[in-house]
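Quick look at model17.txt (compact mmCIF, C-alpha atoms):
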# COMPACT_ATOMS: atom_id res chain seq x y z
CA MET A 263 -35.81 -0.35 0.13
CA THR A 264 -34.11 2.32 2.17
CA LYS A 265 -34.57 6.02 1.55
CA ILE A 266 -31.48 8.21 1.24
CA THR A 267 -31.50 11.96 0.72
CA TYR A 268 -28.49 13.60 -0.89
CA ILE A 269 -28.22 17.36 -0.55
CA ALA A 270 -26.00 18.79 -3.28
CA HIS A 271 -23.74 21.76 -2.57
CA ASP A 272 -26.24 24.14 -4.18
CA GLY A 273 -28.95 22.89 -1.81
CA SER A 274 -30.85 20.76 -4.31
CA LYS A 275 -32.23 17.54 -2.87
CA PHE A 276 -32.09 14.08 -4.37
CA GLU A 277 -34.27 11.43 -2.76
CA VAL A 278 -33.31 7.93 -3.68
CA GLU A 279 -34.68 4.46 -2.92
CA ALA A 280 -31.62 2.34 -2.26
CA GLU A 281 -31.24 -1.38 -2.04
CA ASN A 282 -29.78 -2.78 1.18
CA GLY A 283 -26.22 -3.98 0.74
CA SER A 284 -25.40 -1.40 -1.93
CA THR A 285 -23.25 1.58 -1.00
CA VAL A 286 -24.27 5.21 -0.57
CA MET A 287 -21.78 6.06 -3.35
CA GLU A 288 -23.27 3.56 -5.82
CA ASN A 289 -26.74 5.02 -5.34
CA ALA A 290 -25.43 8.54 -5.88
CA ILE A 291 -23.77 7.54 -9.16
CA ARG A 292 -26.79 5.53 -10.32
CA ASN A 293 -29.01 8.54 -9.70
CA ALA A 294 -26.57 11.12 -11.08
CA VAL A 295 -26.21 13.09 -7.86
CA PRO A 296 -23.88 15.96 -8.77
CA GLY A 297 -20.58 16.32 -6.92
CA ILE A 298 -19.89 12.64 -6.25
CA GLU A 299 -17.12 11.52 -8.56
CA ALA A 300 -15.99 8.12 -7.27
CA GLU A 301 -12.96 8.10 -9.55
CA CYS A 302 -11.68 4.73 -8.30
CA GLY A 303 -15.04 3.01 -8.54
CA GLY A 304 -15.46 2.21 -4.87
CA ALA A 305 -12.08 0.75 -3.95
CA CYS A 306 -11.56 3.24 -1.10
CA ALA A 307 -8.61 4.51 -3.06
CA CYS A 308 -9.35 8.07 -4.11
CA ALA A 309 -11.46 10.13 -1.67
CA THR A 310 -13.66 11.56 -4.44
CA CYS A 311 -16.98 10.29 -3.03
CA HIS A 312 -16.62 12.36 0.14
CA VAL A 313 -19.88 13.31 1.93
CA TYR A 314 -20.90 14.89 5.23
CA VAL A 315 -23.28 12.72 7.21
CA ASP A 316 -26.14 14.70 8.75
CA GLU A 317 -25.63 15.07 12.51
CA ALA A 318 -28.82 13.20 13.35
CA TRP A 319 -27.43 10.17 11.48
CA ALA A 320 -23.85 10.24 12.72
CA GLU A 321 -24.37 7.52 15.32
CA ALA A 322 -26.34 5.17 13.08
CA VAL A 323 -23.78 5.46 10.29
CA GLY A 324 -20.84 4.97 12.62
CA GLU A 325 -17.14 5.78 12.44
CA PRO A 326 -14.85 5.21 9.46
CA GLU A 327 -12.47 2.24 9.46
CA PRO A 328 -8.75 3.14 9.69
CA MET A 329 -8.26 2.63 5.93
CA GLU A 330 -11.08 5.04 5.14
CA GLU A 331 -9.75 7.51 7.72
CA ASP A 332 -6.38 7.36 5.92
CA MET A 333 -8.02 8.04 2.59
CA LEU A 334 -9.97 10.97 4.03
CA ASP A 335 -6.61 12.74 4.41
CA PHE A 336 -6.85 13.40 0.68
CA ALA A 337 -10.34 14.88 0.75
CA TYR A 338 -11.26 18.56 0.63
CA ASP A 339 -12.49 20.33 3.77
CA VAL A 340 -12.68 17.30 6.03
CA ARG A 341 -14.96 17.64 9.05
CA PRO A 342 -15.86 15.34 11.94
CA SER A 343 -18.95 14.25 9.97
CA SER A 344 -16.89 13.35 6.87
CA ARG A 345 -17.22 9.89 5.36
CA LEU A 346 -16.41 8.28 2.04
CA SER A 347 -19.78 7.25 0.67
CA CYS A 348 -18.36 4.10 -0.97
CA GLN A 349 -17.73 2.76 2.52
CA ILE A 350 -21.26 3.27 3.87
CA LYS A 351 -23.40 0.21 3.23
CA VAL A 352 -27.14 0.77 2.96
CA ARG A 353 -29.14 -1.11 5.63
CA ASP A 354 -32.53 -0.88 7.36
CA GLU A 355 -31.25 1.29 10.21
CA LEU A 356 -30.23 3.96 7.70
CA ASP A 357 -33.77 4.45 6.30
CA GLY A 358 -34.13 8.24 5.97
CA LEU A 359 -30.36 8.92 5.93
CA VAL A 360 -29.35 12.43 4.93
CA VAL A 361 -25.89 13.18 3.50
CA ARG A 362 -24.49 16.43 2.14
CA VAL A 363 -22.13 16.73 -0.82
CA PRO A 364 -19.11 19.00 -0.20
CA GLU A 365 -18.29 22.06 -2.29
CA ARG A 366 -15.89 19.96 -4.30
CA GLN A 367 -14.10 16.65 -4.27
CA ALA A 368 -10.33 16.79 -3.81
CA MET B 110 21.65 8.40 -27.63
CA THR B 111 18.34 7.50 -29.17
CA LYS B 112 17.13 4.00 -28.39
CA LYS B 113 15.26 2.03 -31.04
CA THR B 114 12.61 -0.60 -30.67
CA ASP B 115 9.65 -1.95 -32.62
CA VAL B 116 6.82 -0.64 -30.48
CA ILE B 117 6.74 1.91 -27.67
CA ILE B 118 3.98 1.33 -25.14
CA ILE B 119 3.02 4.34 -23.08
CA GLY B 120 1.76 3.04 -19.75
CA ALA B 121 2.78 -0.16 -17.97
CA GLY B 122 -0.59 -1.06 -16.49
CA PRO B 123 -2.18 -4.47 -17.03
CA VAL B 124 -3.25 -3.72 -20.60
CA GLY B 125 0.14 -2.26 -21.61
CA LEU B 126 1.81 -5.33 -20.13
CA PHE B 127 -0.43 -7.77 -21.98
CA ALA B 128 0.22 -5.89 -25.22
CA VAL B 129 3.87 -6.98 -24.85
CA PHE B 130 2.64 -10.58 -25.01
CA GLU B 131 0.48 -10.16 -28.10
CA LEU B 132 3.11 -8.07 -29.91
CA GLY B 133 5.82 -10.48 -28.79
CA LEU B 134 4.06 -13.45 -30.40
CA LEU B 135 4.32 -11.46 -33.63
CA ASP B 136 8.06 -10.88 -33.05
CA LEU B 137 7.72 -7.22 -32.14
CA LYS B 138 10.01 -5.91 -29.38
CA CYS B 139 8.48 -3.50 -26.89
CA HIS B 140 9.68 -0.67 -24.72
CA LEU B 141 7.30 0.53 -22.00
CA ILE B 142 7.39 3.96 -20.38
CA ASP B 143 5.53 4.74 -17.18
CA ILE B 144 5.43 7.64 -14.74
CA LEU B 145 5.31 5.28 -11.75
CA ASP B 146 8.42 3.56 -10.43
CA ARG B 147 7.15 0.03 -11.12
CA PRO B 148 4.81 -1.86 -13.45
CA GLY B 149 1.08 -2.26 -12.77
CA GLY B 150 -0.44 1.20 -13.18
CA GLN B 151 -3.61 1.72 -11.16
CA CYS B 152 -3.57 -1.93 -10.05
CA ALA B 153 -0.23 -1.39 -8.33
CA GLU B 154 -0.72 2.19 -7.22
CA LEU B 155 -4.36 2.43 -6.19
CA TYR B 156 -5.55 -0.97 -5.07
CA PRO B 157 -2.78 -3.63 -5.02
CA GLU B 158 -4.46 -5.73 -2.34
CA LYS B 159 -8.02 -5.51 -3.66
CA PRO B 160 -9.39 -8.62 -5.30
CA ILE B 161 -10.55 -8.48 -8.94
CA TYR B 162 -13.35 -10.92 -9.80
CA ASP B 163 -13.80 -10.49 -13.55
CA ILE B 164 -10.52 -11.74 -15.00
CA PRO B 165 -11.47 -14.82 -17.02
CA ALA B 166 -10.50 -18.07 -15.27
CA TRP B 167 -9.44 -16.23 -12.10
CA PRO B 168 -12.45 -16.33 -9.76
CA SER B 169 -10.52 -13.90 -7.56
CA ILE B 170 -7.06 -12.39 -7.97
CA SER B 171 -5.49 -9.43 -6.18
CA ALA B 172 -4.56 -6.48 -8.38
CA GLN B 173 -0.88 -6.92 -7.53
CA GLY B 174 -1.23 -10.65 -8.12
CA LEU B 175 -2.53 -9.94 -11.61
CA VAL B 176 0.40 -7.62 -12.33
CA ASP B 177 2.89 -10.23 -11.07
CA LYS B 178 1.31 -12.90 -13.29
CA LEU B 179 1.40 -10.60 -16.33
CA MET B 180 5.08 -9.84 -15.69
CA GLU B 181 5.72 -13.59 -15.57
CA GLN B 182 3.74 -14.13 -18.77
CA ILE B 183 5.64 -11.48 -20.75
CA ALA B 184 9.10 -12.34 -19.37
CA PRO B 185 10.01 -14.49 -22.45
CA PHE B 186 9.74 -11.37 -24.62
CA HIS B 187 12.23 -9.34 -22.53
CA PRO B 188 10.42 -6.01 -22.68
CA GLU B 189 12.39 -2.92 -21.73
CA PHE B 190 11.03 -0.51 -19.15
CA THR B 191 11.65 3.16 -18.48
CA PHE B 192 10.05 4.08 -15.16
CA ASN B 193 9.57 7.45 -13.43
CA ARG B 194 9.14 9.15 -16.77
CA MET B 195 6.28 10.86 -18.53
CA VAL B 196 6.23 10.93 -22.33
CA SER B 197 6.11 14.61 -23.12
CA SER B 198 6.12 14.62 -26.92
CA LEU B 199 5.48 12.42 -29.92
CA GLU B 200 6.79 13.21 -33.41
CA LYS B 201 6.43 11.46 -36.73
CA LEU B 202 9.70 10.68 -38.48
CA GLU B 203 10.35 10.85 -42.20
CA ASP B 204 10.89 7.09 -42.42
CA GLY B 205 7.32 6.60 -41.20
CA GLY B 206 8.29 5.78 -37.60
CA TYR B 207 7.85 7.77 -34.44
CA ARG B 208 10.05 9.36 -31.83
CA VAL B 209 8.93 9.97 -28.26
CA THR B 210 10.71 12.24 -25.82
CA THR B 211 10.39 11.88 -22.05
CA ASP B 212 10.16 14.70 -19.53
CA GLU B 213 13.85 14.06 -18.80
CA GLY B 214 14.79 14.48 -22.44
CA GLU B 215 15.45 10.82 -23.34
CA THR B 216 14.37 9.83 -26.84
CA ILE B 217 13.17 6.48 -28.12
CA GLU B 218 12.18 5.63 -31.70
CA ALA B 219 9.83 2.94 -32.88
CA LYS B 220 7.74 1.80 -35.81
CA GLY B 221 4.51 2.01 -33.86
CA ILE B 222 3.14 3.62 -30.72
CA VAL B 223 0.63 2.12 -28.30
CA ILE B 224 -1.02 4.46 -25.82
CA ALA B 225 -2.13 2.33 -22.88
CA ALA B 226 -2.16 5.16 -20.38
CA GLY B 227 -5.38 4.28 -18.53
CA GLY B 228 -6.78 7.30 -16.73
CA GLY B 229 -3.71 9.31 -17.70
CA SER B 230 -0.48 9.80 -15.87
CA PHE B 231 -0.31 9.89 -12.11
CA GLN B 232 0.53 13.34 -10.89
CA PRO B 233 0.68 14.85 -7.39
CA LYS B 234 -2.70 15.98 -6.18
CA ARG B 235 -3.00 19.73 -5.70
CA PRO B 236 -4.18 20.28 -2.14
CA PRO B 237 -7.28 22.38 -1.53
CA MET B 238 -5.44 25.58 -0.51
CA PRO B 239 -6.78 28.75 -2.13
CA GLY B 240 -4.30 30.49 -4.44
CA ILE B 241 -1.67 27.73 -4.23
CA GLU B 242 -1.12 27.86 -8.03
CA ALA B 243 0.71 31.18 -7.70
CA TYR B 244 3.40 29.61 -5.52
CA GLU B 245 3.90 26.34 -7.43
CA GLY B 246 7.42 25.85 -8.72
CA LYS B 247 8.64 28.90 -6.78
CA SER B 248 8.05 28.10 -3.12
CA VAL B 249 5.56 25.22 -3.27
CA PHE B 250 6.92 21.87 -4.51
CA TYR B 251 5.26 18.48 -4.84
CA SER B 252 8.48 16.48 -4.78
CA VAL B 253 12.05 16.87 -3.63
CA ARG B 254 14.46 16.57 -6.55
CA ARG B 255 17.46 18.07 -4.72
CA MET B 256 17.53 18.28 -0.93
CA GLU B 257 19.98 21.20 -1.12
CA ASP B 258 17.22 23.40 -2.55
CA PHE B 259 15.56 23.26 0.86
CA ARG B 260 18.61 23.99 3.00
CA GLY B 261 18.22 26.92 5.39
CA HIS B 262 14.51 27.33 4.63
CA ASP B 263 11.56 27.47 6.97
CA LEU B 264 9.78 24.35 5.75
CA LEU B 265 6.15 23.42 6.02
CA ILE B 266 5.32 19.83 5.14
CA VAL B 267 1.68 18.77 4.91
CA GLY B 268 0.44 15.19 4.85
CA GLY B 269 0.32 11.98 6.82
CA GLY B 270 1.79 9.30 4.59
CA ASP B 271 5.29 7.97 4.05
CA SER B 272 6.34 10.76 1.68
CA ALA B 273 5.41 13.44 4.21
CA LEU B 274 7.12 11.66 7.09
CA ASP B 275 10.23 10.58 5.17
CA TRP B 276 10.87 14.11 3.91
CA THR B 277 10.18 15.53 7.35
CA LEU B 278 12.92 13.31 8.79
CA ASN B 279 15.34 13.83 5.87
CA LEU B 280 14.98 17.59 5.59
CA GLN B 281 14.76 18.44 9.30
CA PRO B 282 18.58 18.44 9.79
CA ILE B 283 19.19 20.95 6.96
CA ALA B 284 16.14 23.19 7.34
CA ASN B 285 16.19 26.40 9.34
CA SER B 286 12.89 25.29 10.84
CA LEU B 287 10.41 22.57 9.93
CA THR B 288 6.74 22.20 10.75
CA LEU B 289 4.67 19.17 9.89
CA VAL B 290 0.92 19.62 9.52
CA HIS B 291 -1.51 16.72 9.43
CA ARG B 292 -5.28 16.55 9.80
CA ARG B 293 -5.10 14.19 12.79
CA PRO B 294 -2.52 12.79 15.22
CA GLU B 295 -2.61 9.32 13.54
CA PHE B 296 -0.49 8.70 10.45
CA ARG B 297 -0.56 6.30 7.51
CA ALA B 298 3.23 6.24 7.46
CA ALA B 299 5.56 3.54 8.81
CA PRO B 300 5.28 3.52 12.63
CA ASP B 301 9.05 3.86 12.97
CA SER B 302 9.06 7.18 11.07
CA VAL B 303 6.12 8.42 13.10
CA ASN B 304 7.94 7.62 16.36
CA LYS B 305 11.06 9.40 15.13
CA MET B 306 8.99 12.45 14.21
CA TYR B 307 7.31 12.56 17.63
CA ALA B 308 10.73 12.20 19.32
CA LEU B 309 12.05 15.21 17.37
CA HIS B 310 8.92 17.10 18.25
CA GLU B 311 9.39 16.34 21.94
CA ARG B 312 12.95 17.69 21.76
CA LYS B 313 11.45 20.78 20.10
CA GLU B 314 13.53 20.17 16.96
CA LEU B 315 10.47 20.38 14.75
CA GLY B 316 6.94 21.69 14.95
CA PHE B 317 3.86 19.53 14.58
CA GLU B 318 0.36 20.94 14.16
CA VAL B 319 -2.89 19.02 13.85
CA GLY B 320 -5.14 20.74 11.35
CA GLN B 321 -5.70 21.71 7.74
CA VAL B 322 -3.97 24.52 5.85
CA THR B 323 -6.67 27.05 4.94
CA ALA B 324 -4.71 30.02 3.61
CA LEU B 325 -1.31 30.95 2.19
CA THR B 326 0.30 34.39 2.40
CA GLY B 327 3.22 35.70 0.36
CA THR B 328 4.25 37.93 -2.52
CA ASP B 329 5.32 37.18 -6.10
CA GLY B 330 5.16 33.44 -5.58
CA GLN B 331 7.35 33.58 -2.48
CA LEU B 332 5.56 32.07 0.47
CA GLU B 333 5.76 33.87 3.82
CA SER B 334 3.28 32.07 6.02
CA ALA B 335 0.41 29.60 6.13
CA THR B 336 -2.72 29.51 8.25
CA VAL B 337 -3.49 26.18 9.84
CA LYS B 338 -6.99 25.62 11.19
CA GLY B 339 -6.75 23.17 14.06
CA PRO B 340 -8.98 22.07 16.91
CA ASP B 341 -7.98 25.17 18.94
CA GLY B 342 -8.56 27.67 16.17
CA PRO B 343 -6.28 29.08 13.47
CA VAL B 344 -2.49 29.19 13.87
CA GLU B 345 -0.14 31.23 11.67
CA ILE B 346 3.05 29.40 10.67
CA ARG B 347 6.02 31.21 9.13
CA CYS B 348 7.36 29.30 6.13
CA THR B 349 9.36 29.92 2.97
CA ARG B 350 8.87 26.51 1.37
CA LEU B 351 5.80 24.28 1.35
CA LEU B 352 5.78 20.59 0.45
CA PRO B 353 2.24 19.18 0.27
CA PHE B 354 1.89 15.40 -0.01
CA PHE B 355 -1.74 14.66 -0.85
CA GLY B 356 -1.30 11.56 -2.96
CA LEU B 357 -1.67 11.14 -6.69
CA THR B 358 -4.38 11.80 -9.19
CA MET B 359 -4.60 10.94 -12.88
CA LYS B 360 -4.36 13.55 -15.63
CA LEU B 361 -4.30 13.07 -19.38
CA GLY B 362 -1.24 15.33 -19.48
CA PRO B 363 0.80 16.03 -22.62
CA ILE B 364 -1.11 13.39 -24.67
CA ALA B 365 -3.75 16.10 -25.15
CA GLU B 366 -1.25 18.12 -27.19
CA TRP B 367 -0.19 15.44 -29.66
CA GLY B 368 -2.82 16.35 -32.23
CA LEU B 369 -4.97 13.27 -31.62
CA ASN B 370 -8.71 13.58 -31.89
CA LEU B 371 -10.17 13.42 -28.38
CA HIS B 372 -13.60 12.58 -27.02
CA GLU B 373 -14.05 13.92 -23.48
CA ASN B 374 -10.39 13.30 -22.61
CA LEU B 375 -10.49 9.83 -24.18
CA ILE B 376 -8.95 8.79 -27.48
CA PRO B 377 -11.44 7.56 -30.10
CA VAL B 378 -10.31 4.44 -31.95
CA ASP B 379 -11.80 2.03 -34.46
CA THR B 380 -12.71 -1.43 -33.22
CA GLU B 381 -10.78 -3.35 -35.85
CA LYS B 382 -7.29 -2.01 -35.21
CA PHE B 383 -7.74 0.25 -32.18
CA GLU B 384 -5.90 2.90 -34.14
CA THR B 385 -6.22 6.60 -33.27
CA SER B 386 -6.67 9.46 -35.72
CA ILE B 387 -2.90 9.24 -36.34
CA PRO B 388 -1.98 6.11 -38.36
CA GLY B 389 0.49 3.89 -36.51
CA VAL B 390 -0.57 5.28 -33.13
CA PHE B 391 -2.87 2.91 -31.28
CA ALA B 392 -4.80 3.36 -28.02
CA ILE B 393 -5.94 0.45 -25.85
CA GLY B 394 -7.44 0.05 -22.39
CA ASP B 395 -9.20 2.68 -20.29
CA ILE B 396 -7.85 5.61 -22.30
CA ASN B 397 -9.63 4.77 -25.56
CA TRP B 398 -13.22 5.24 -26.59
CA TYR B 399 -15.51 3.58 -29.12
CA PRO B 400 -19.26 2.91 -29.14
CA GLY B 401 -20.01 0.37 -26.43
CA LYS B 402 -16.65 0.80 -24.71
CA LEU B 403 -16.39 -0.79 -21.25
CA LYS B 404 -13.48 0.16 -19.03
CA LEU B 405 -12.62 -3.40 -18.08
CA ILE B 406 -9.19 -5.01 -17.95
CA LEU B 407 -10.53 -7.92 -19.99
CA SER B 408 -11.69 -5.55 -22.75
CA GLY B 409 -8.21 -4.04 -22.78
CA PHE B 410 -6.70 -7.51 -23.26
CA HIS B 411 -8.92 -8.12 -26.29
CA GLU B 412 -8.02 -4.71 -27.69
CA ALA B 413 -4.31 -5.54 -27.27
CA ALA B 414 -4.68 -8.73 -29.34
CA LEU B 415 -6.40 -7.00 -32.25
CA MET B 416 -4.13 -3.97 -32.11
CA ALA B 417 -1.08 -6.26 -32.34
CA GLN B 418 -2.20 -7.57 -35.74
CA ALA B 419 -2.46 -4.04 -37.10
CA ALA B 420 0.83 -2.95 -35.51
CA LYS B 421 2.55 -5.94 -37.13
CA ARG B 422 1.35 -4.84 -40.57
CA ILE B 423 2.83 -1.40 -39.96
CA ALA B 424 6.11 -2.66 -38.52
CA ASN B 425 6.70 -5.34 -41.16
CA PRO B 426 4.64 -4.34 -44.20
CA GLY B 427 4.03 -7.09 -46.71
CA GLU B 428 4.90 -9.87 -44.29
CA ARG B 429 2.23 -12.56 -44.18
CA ILE B 430 0.69 -13.02 -40.73
CA VAL B 431 -0.18 -16.63 -40.01
CA PHE B 432 -2.82 -17.03 -37.35
CA GLN B 433 -1.63 -19.55 -34.77
CA TYR B 434 -2.63 -20.96 -31.39
CA THR B 435 -0.15 -21.07 -28.52
CA THR B 436 -1.53 -24.51 -27.64
CA SER B 437 -0.46 -26.11 -30.91
CA SER B 438 2.09 -23.92 -32.65
CA THR B 439 5.70 -24.98 -32.09
CA ASN B 440 6.72 -21.66 -33.55
CA LEU B 441 4.86 -19.70 -30.87
CA GLN B 442 5.97 -22.12 -28.18
CA LYS B 443 9.61 -21.47 -29.12
CA LYS B 444 9.04 -17.77 -28.62
CA LEU B 445 7.56 -18.51 -25.22
CA GLY B 446 10.55 -20.68 -24.38
CA VAL B 447 8.48 -23.83 -23.80
CA ALA B 448 9.29 -25.82 -26.92
Will you turn the file into structure tokens for me?
Amino acid sequence: MTKITYIAHDGSKFEVEAENGSTVMENAIRNAVPGIEAECGGACACATCHVYVDEAWAEAVGEPEPMEEDMLDFAYDVRPSSRLSCQIKVRDELDGLVVRVPERQA
Amino acid sequence: MTKKTDVIIIGAGPVGLFAVFELGLLDLKCHLIDILDRPGGQCAELYPEKPIYDIPAWPSISAQGLVDKLMEQIAPFHPEFTFNRMVSSLEKLEDGGYRVTTDEGETIEAKGIVIAAGGGSFQPKRPPMPGIEAYEGKSVFYSVRRMEDFRGHDLLIVGGGDSALDWTLNLQPIANSLTLVHRRPEFRAAPDSVNKMYALHERKELGFEVGQVTALTGTDGQLESATVKGPDGPVEIRCTRLLPFFGLTMKLGPIAEWGLNLHENLIPVDTEKFETSIPGVFAIGDINWYPGKLKLILSGFHEAALMAQAAKRIANPGERIVFQYTTSSTNLQKKLGVA
């Protein structure tokens, strides 16, 4: 199991044990992390599971694929650390990952 | 002129399309209305190339592939389609039927109504710019209905897809000035349009800024300028018209005002007929709700089959419905054009 910490916009923390191979979005939904909507259900088609990856984890998480980058155009307040959480697969190297939920989804 | 049909289906997604089949087997003619410009709903608009794995007997089928197959399957019933329209109102007629009116004022009458509107109608996404509501319809527009309305204006177009690029190229010759704003130098649009845009930019015939619009300034709904936050800090851009292209989102829309009982923006139905709180008005697919509801295409197909039986009783009261299999009934096979 891999530990992921979600920090909601109001600062509240959600620590979650995630299964490798699942997505960061799926674990947020399963654990009712507020502010992650995932309207399209993980098809990389809506930009409503937008998160900011904590700086310390930027390298391990990696860069978005072009399709995800395209979809990020529709997100609110996009920053260099922006990712769509449905496109981040949980794996051993991400144990301890910290992501922040933006003020709102698009 | 008011068109007449047996059943009006609101929404041409997979479940609305399959309803044509089930109603067609019972000799009911259908007319579908959809806000998109083609059939398929979310399957066509959101994820056409994504595979779907839970359609019975299709271990994997692309969303567009499913739509194409459904269109093929319902072709024998010659459904009519009205695209690019939202149904704005629904009224009950004295003869027991219904009349729907589209946002363009067309009217269609039918004996029954099927709401298969999925997550609601696709509408332009409002971009995250504070106070934008005050300018909407006055100096901020989400589509171009008449190009002339933009002639001589200082235009600001925001977005990186085909709509943003196409309108940039089409409106540039008639605008007083035009600036395109996009979050990054790469675009989702057709490479040819992007090249044309960059060529115009090089000749200084349009402005291009990388960044995100963070503030709008103006008075009484009339836009005067926008602040764009880019990599080199904020830039102020003079503009009298803004066209943001941030894709589509789904909203329940006018359905909420038809007097139907709602349950968290969904339409409660019974699980025998999938009828709403208004008799003769049915709801199937993602837009309905009942205990145990699963938003699956396959559940929507099942709902369509049961709904069709109830719709038949309303359309042709007193007529006996004989349950038949397509495999063995010559009668059904004739309707399908195979016997």
Open item on the list: At a cut-off of 9 Å, using all atoms listed in the file, what residues contact region 276-285 of chain A? Leave out same-chain residues fewer than 6 positions from it and give the result as an MDAnalysis selection string.
Closed with: chainID A and resid 263:270 293 295 304 347:354
- [ ] Excluding Cys306 (chain A) and residues on its chain fewer than 6 positions from it, collect all residues at most 9 Å away from it, counting only C-alpha atoms, and give them as a list of chain:residue names.
- [x]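 Once the nearby chain positions are removed, what remains is A:Met329, A:Glu330, A:Met333, A:Leu346, A:Cys348, A:Gln349, B:Leu155, B:Tyr156.
With only C-alpha atoms as the atoms that count, the residue of B:Pro300, B:Gly246, B:Gly427, B:Pro236 with the shortest distance to chain A is B:Pro236.
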Open item on the list: Using only C-alpha atoms, I'd like every residue of chain B that has an atom within 10 Å of chain A; please write them out as an MDAnalysis selection string.
Closed with: chainID B and resid 151 154:156 159:160 228 234:238 268:270 291:293 295:298 320:323 354:359
Task: Separation of CA of Ser197 (chain B) from CA of Ile423 (chain B) in Å - done: 23.5 Å
TODO: Measure the distance from CA of Pro343 (chain B) to CA of Ala273 (chain B) in Å and round it to one decimal.
DONE: 21.6 Å
TODO: May I ask for the distance between CA of Val176 (chain B) and CA of Gly149 (chain B), given in Å to one decimal place?
DONE: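 Between CA of Val176 (chain B) and CA of Gly149 (chain B) the gap works out to 5.4 Å.
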Open item on the list: Could you check which residues have any atom within 12 Å of (-16.9, 6.6, -13.9), counting all atoms listed in the file with coordinates taken straight from the file, and then list them as a PyMOL selection string?
Closed with: (chain A and resi 287-288+290-292+294+298-304+310-311) or (chain B and resi 228+395+403-405)
Task: Expected answer as number ranges by chain: all residues with atoms within 12 Å of (0.9, -12.4, -8.0), all atoms listed in the file - done: B: 149, 152-153, 157-158, 160, 167, 169-182
Task: Nearby residues (all atoms listed in the file) at most 10 Å from region 205-221 of chain B, same-chain spacing under 4 positions excluded, as a PyMOL selection string - done: chain B and resi 110-119+137-140+142-144+191+193-201+363+388-391+419-421+423-425
Enclosing box along x, y and z for every listed atom of region 344-361 of chain A, padded 5 Å each side, centre and size in Å, one decimal, as JSON:
{"center_x": -25.3, "center_y": 6.1, "center_z": 4.6, "size_x": 27.7, "size_y": 24.5, "size_z": 21.2}
Spatial neighbours of Ile266 (chain B), max dist 7 Å, all atoms listed in the file, sep filter under 2 positions, as a compact mmCIF listing (two decimals) with C-alpha atoms, in the coordinates of the input:
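Once everything was written out, this is around33.txt:
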# COMPACT_ATOMS: atom_id res chain seq x y z
CA LEU B 264 9.78 24.35 5.75
CA GLY B 268 0.44 15.19 4.85
CA ALA B 273 5.41 13.44 4.21
CA THR B 277 10.18 15.53 7.35
CA THR B 288 6.74 22.20 10.75
CA LEU B 289 4.67 19.17 9.89
CA VAL B 290 0.92 19.62 9.52
CA LEU B 351 5.80 24.28 1.35
CA LEU B 352 5.78 20.59 0.45
CA PRO B 353 2.24 19.18 0.27
Task: Distance criterion (all atoms listed in the file): nearest to Arg362 (chain A) out of A:Ala309, A:Gly273, A:Glu325, A:Ala318 - done: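 With all atoms listed in the file as the atom set, the closest residue is A:Gly273.
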